[in-house]
Amino acid sequence: GQQVMQIPQYQHVQEGEDFTTYCNSSTTLSNIQWYKQRPGGHPVFLIQLVKSGEVKKQKRLTFQFGEAKKNSSLHITATQTTDVGTYFCAGREDSSYKLIFGSGTRLLVRP
Amino acid sequence: DSGVTQTPKHLITATGQRVTLRCSPRSGDLSVYWYQQSLDQGLQFLIQYYNGEERAKGNILERFSAQQFPDLHSELNLSSLELGDSALYFCASSVSSGSPNEQFFGPGTRLTVL
């Protein structure tokens, strides 16, 4: 079945440093979504990518969808303490209604 | 506030018992999804309903069942509970069932099985 893997599992950075999390699917995806879960909170939708090679930006966050639509990345420039949380990617195959979540990357930011 | 409500917030019960978790989707959303999140783990998709009908199934145990009612609220029933069922259970909703389709998560129900 479809598997979505995410690396790294944890990342501890100094405030102001950049951060990147990578997401890889075992199958081609129709789209990929990114969610953020703050400690003690629930996942919150960040963005959705649909097109091959798509790049979207939200302030300091840059999201990319690979050309083969099997991988994606989230890059945060100049991290802030408010960026702390776990970032999940979630992918869906063309033929499926299921949204399969990656294992998440927990980001910790030292002030 | 996502607009998705879940009750109860916390639930403590014993092994072998049965519990029901309830979810009310955002107004206008027809799809409801259930996820299980164990401690420091990712989100495991359990099941999805769309407008009252089961649409997709994940790794949901046979001891677990769910349904979506005509008013679109959903219930997740967990029976013969085991210690390993202790987890955070999230409900999410979306407008439709297909793609593209962002999901709005509720605050979750934390289940503790003793």
# chains A, B, ... in the order shown; residues from 1 in each chain; ligands from 1
$ residues_around --residues "stretch 69-78 of chain B" --least-positions-apart "5" --cutoff "9 Å" --atoms "only C-alpha atoms" --output "number ranges by chain"
B: 17-25, 29-34, 49-52, 63-64, 85, 91
$ residues_around --residues "stretch 63-71 of chain A" --least-positions-apart "4" --cutoff "6 Å" --atoms "only C-alpha atoms" --output "list in words"
Cys23, Asn24, Ser25, Thr28, Leu29, Ser52, Gly53, Glu54, Val55 and Lys56 of chain A
$ interface_residues --of "chain A" --to "chain B" --cutoff "7 Å" --atoms "only C-alpha atoms" --output "list of chain:residue names"
A:Gly41, A:His42, A:Pro43, A:Val44, A:Phe45, A:Tyr97, A:Lys98, A:Ile100, A:Phe101, A:Gly102, A:Ser103, A:Gly104
$ atom_distance --atom1 "atom CA of B:Ala87" --atom2 "atom CA of A:Gln9"
19.6 Å
$ residues_around --residues "A:Val13" --least-positions-apart "4" --cutoff "7 Å" --atoms "only C-alpha atoms" --output "ChimeraX atom specification"
/A:17,108-110
$ write_last_selection --atoms "all heavy atoms" --output "tab-separated table (two decimals), in the first residue's frame"
chain	number	residue	atom	x	y	z
A	17	GLU	N	18.14	30.14	12.33
A	17	GLU	CA	18.64	29.16	11.36
A	17	GLU	C	17.49	28.69	10.47
A	17	GLU	O	16.33	28.80	10.82
A	17	GLU	CB	19.26	27.96	12.08
A	17	GLU	CG	20.56	28.28	12.79
A	17	GLU	CD	21.16	27.05	13.47
A	17	GLU	OE1	20.43	26.09	13.74
A	17	GLU	OE2	22.38	27.09	13.74
A	108	LEU	N	12.17	21.90	16.98
A	108	LEU	CA	12.39	22.62	18.23
A	108	LEU	C	13.31	23.79	17.91
A	108	LEU	O	14.29	23.64	17.17
A	108	LEU	CB	13.05	21.70	19.26
A	108	LEU	CG	12.24	20.44	19.61
A	108	LEU	CD1	13.07	19.50	20.48
A	108	LEU	CD2	10.96	20.81	20.31
A	109	VAL	N	13.00	24.96	18.44
A	109	VAL	CA	13.79	26.16	18.16
A	109	VAL	C	14.32	26.73	19.47
A	109	VAL	O	13.55	27.08	20.36
A	109	VAL	CB	12.92	27.21	17.44
A	109	VAL	CG1	13.76	28.46	17.15
A	109	VAL	CG2	12.34	26.65	16.15
A	110	ARG	N	15.65	26.83	19.53
A	110	ARG	CA	16.29	27.41	20.73
A	110	ARG	C	16.30	28.94	20.59
A	110	ARG	O	16.76	29.46	19.58
A	110	ARG	CB	17.74	26.93	20.84
A	110	ARG	CG	17.91	25.49	21.20
A	110	ARG	CD	19.39	25.20	21.49
A	110	ARG	NE	20.23	25.42	20.33
A	110	ARG	CZ	20.51	24.49	19.42
A	110	ARG	NH1	20.01	23.28	19.55
A	110	ARG	NH2	21.30	24.76	18.40
$ closest_residue --among "B:Glu53, B:Thr5, B:Leu39, B:Ala66" --to "B:Arg110" --atoms "only C-alpha atoms"
B:Leu39
$ closest_residue --among "B:Ser27, B:Ser86, B:Ser65, B:Asn59" --to "B:Thr109" --atoms "only C-alpha atoms"
B:Ser86
$ select_by_dssp --residues "stretch 50-83 of chain B" --states "strand (DSSP E or B)" --output "PyMOL selection string"
chain B and resi 50+53-57+64-68+74-78
